[in-house]
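S.K.: Okay, here's the structure, questions in a sec.
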Amino acid sequence: MSKSRETNCTVFFCKKSGRARCDVSSDRFYKTLAMNMNNNHKSVYAAAAEVIGMTLTLLTAKETSTSDVERRRQYIDDIIKQLMDKKPDRFVTCLHCIQLHFPAISDRFSYNFLPIVV
């Protein structure tokens, strides 16, 4: 394996498979991904929200530890609630992008969505 250093992340490239592996904790990964929903550029926060929807679907299907899934969901919910209070247009965009892959999230925030639309 060859090793390279990039932005506080040690990346290993396996010579056999050619795949990269990064030594970042999963909590740090999901928190950083969720924080990208606070980015100023729509292309960044919309893409981050869509990836969050995909990861929530994957976590729900594969995780055996529901406490890990709930902890990550709670962190994402907190970010979305902050967006709802401060930036309603970004909240709507992020909620839409997440629910494309994880429809269950729209059930949790649908009651908050109606006052923004009306």
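Convention: chains lettered A, B, ... in structure tokens order; per-chain residue numbering from 1; ligands numbered from 1 as shown.
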Residues of range 63-88 of chain A within 10 Å of range 97-110 of chain A: nearest atom pair and distance (Å, one decimal) for each, counting only C-alpha atoms, sorted by chain and number, as CSV?
M.R.:
residue,atom,partner,partner_atom,distance
A:Arg73,CA,A:Ile105,CA,9.4
A:Asp77,CA,A:Ile105,CA,8.9
A:Ile80,CA,A:Phe109,CA,9.0
A:Lys81,CA,A:Phe109,CA,8.8
A:Met84,CA,A:Phe109,CA,9.5
S.K.: Find the residues near Tyr75 in chain A: any atom within 10 Å, counting only C-alpha atoms, skip ones fewer than 6 places away on the same chain, and give them as a PDB file with N, CA and C atoms, in the first residue's frame.
M.R.:
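See result.pdb below for the written result:
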ATOM      1  N   ASP A  27     -18.170   8.790  12.149  1.00  0.00           N
ATOM      2  CA  ASP A  27     -18.856   9.951  12.730  1.00  0.00           C
ATOM      3  C   ASP A  27     -18.355  11.254  12.120  1.00  0.00           C
ATOM      4  N   TYR A  30     -19.767  11.638   8.530  1.00  0.00           N
ATOM      5  CA  TYR A  30     -21.165  12.058   8.447  1.00  0.00           C
ATOM      6  C   TYR A  30     -21.370  13.483   8.937  1.00  0.00           C
ATOM      7  N   LYS A  31     -20.626  13.897   9.951  1.00  0.00           N
ATOM      8  CA  LYS A  31     -20.738  15.279  10.435  1.00  0.00           C
ATOM      9  C   LYS A  31     -20.248  16.261   9.377  1.00  0.00           C
ATOM     10  N   ALA A  34     -22.823  16.435   6.628  1.00  0.00           N
ATOM     11  CA  ALA A  34     -23.977  17.231   7.051  1.00  0.00           C
ATOM     12  C   ALA A  34     -23.638  18.720   7.100  1.00  0.00           C
ATOM     13  N   MET A  35     -22.433  19.045   7.496  1.00  0.00           N
ATOM     14  CA  MET A  35     -22.030  20.452   7.551  1.00  0.00           C
ATOM     15  C   MET A  35     -21.959  21.069   6.154  1.00  0.00           C
ATOM     16  N   LYS A  81     -33.002  21.357  11.094  1.00  0.00           N
ATOM     17  CA  LYS A  81     -33.787  22.300  11.895  1.00  0.00           C
ATOM     18  C   LYS A  81     -33.150  23.684  11.903  1.00  0.00           C
TER      19      LYS A  81
END
S.K.: Near Ser43 in chain A, within 12 Å and counting only C-alpha atoms, which residues show up once chain neighbours fewer than 6 positions away are dropped, as an mmCIF file with N, CA and C atoms, in the first residue's frame?
M.R.:
data_model
loop_
_atom_site.group_PDB
_atom_site.id
_atom_site.type_symbol
_atom_site.label_atom_id
_atom_site.label_comp_id
_atom_site.auth_asym_id
_atom_site.auth_seq_id
_atom_site.Cartn_x
_atom_site.Cartn_y
_atom_site.Cartn_z
ATOM 1 N N ASN A 36 -21.800 20.248 5.133
ATOM 2 C CA ASN A 36 -21.793 20.765 3.768
ATOM 3 C C ASN A 36 -23.153 21.321 3.359
ATOM 4 N N MET A 37 -24.193 20.993 4.106
ATOM 5 C CA MET A 37 -25.502 21.585 3.818
ATOM 6 C C MET A 37 -25.549 23.056 4.238
ATOM 7 N N ALA A 49 -26.891 16.988 0.461
ATOM 8 C CA ALA A 49 -28.177 16.493 0.944
ATOM 9 C C ALA A 49 -28.571 15.203 0.226
ATOM 10 N N GLU A 50 -28.308 15.125 -1.050
ATOM 11 C CA GLU A 50 -28.642 13.910 -1.797
ATOM 12 C C GLU A 50 -27.780 12.731 -1.333
ATOM 13 N N ARG A 90 -33.093 27.045 1.591
ATOM 14 C CA ARG A 90 -32.114 25.963 1.634
ATOM 15 C C ARG A 90 -32.715 24.727 2.315
ATOM 16 N N THR A 93 -34.785 22.900 -0.292
ATOM 17 C CA THR A 93 -33.920 22.226 -1.257
ATOM 18 C C THR A 93 -33.284 20.981 -0.647
ATOM 19 N N CYS A 94 -32.741 21.119 0.555
ATOM 20 C CA CYS A 94 -32.082 19.982 1.205
ATOM 21 C C CYS A 94 -33.069 18.877 1.542
ATOM 22 N N CYS A 97 -33.861 17.025 -1.638
ATOM 23 C CA CYS A 97 -32.766 16.176 -2.104
ATOM 24 C C CYS A 97 -32.582 14.945 -1.215
#
S.K.: Figure out the distance between CA of Ser26 in chain A and CA of Asp68 in chain A, please, to one decimal in Å.
M.R.: 9.9 Å
S.K.: Between CA of Phe91 in chain A and CA of Gln74 in chain A, measure the distance and give it in Å to one decimal.
M.R.: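 For CA of Phe91 in chain A relative to CA of Gln74 in chain A, the distance reads 16.0 Å.
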S.K.: To one decimal place in Å, what is the distance between CA of Ile52 in chain A and CA of Leu33 in chain A?
M.R.: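 It comes out at 7.2 Å.
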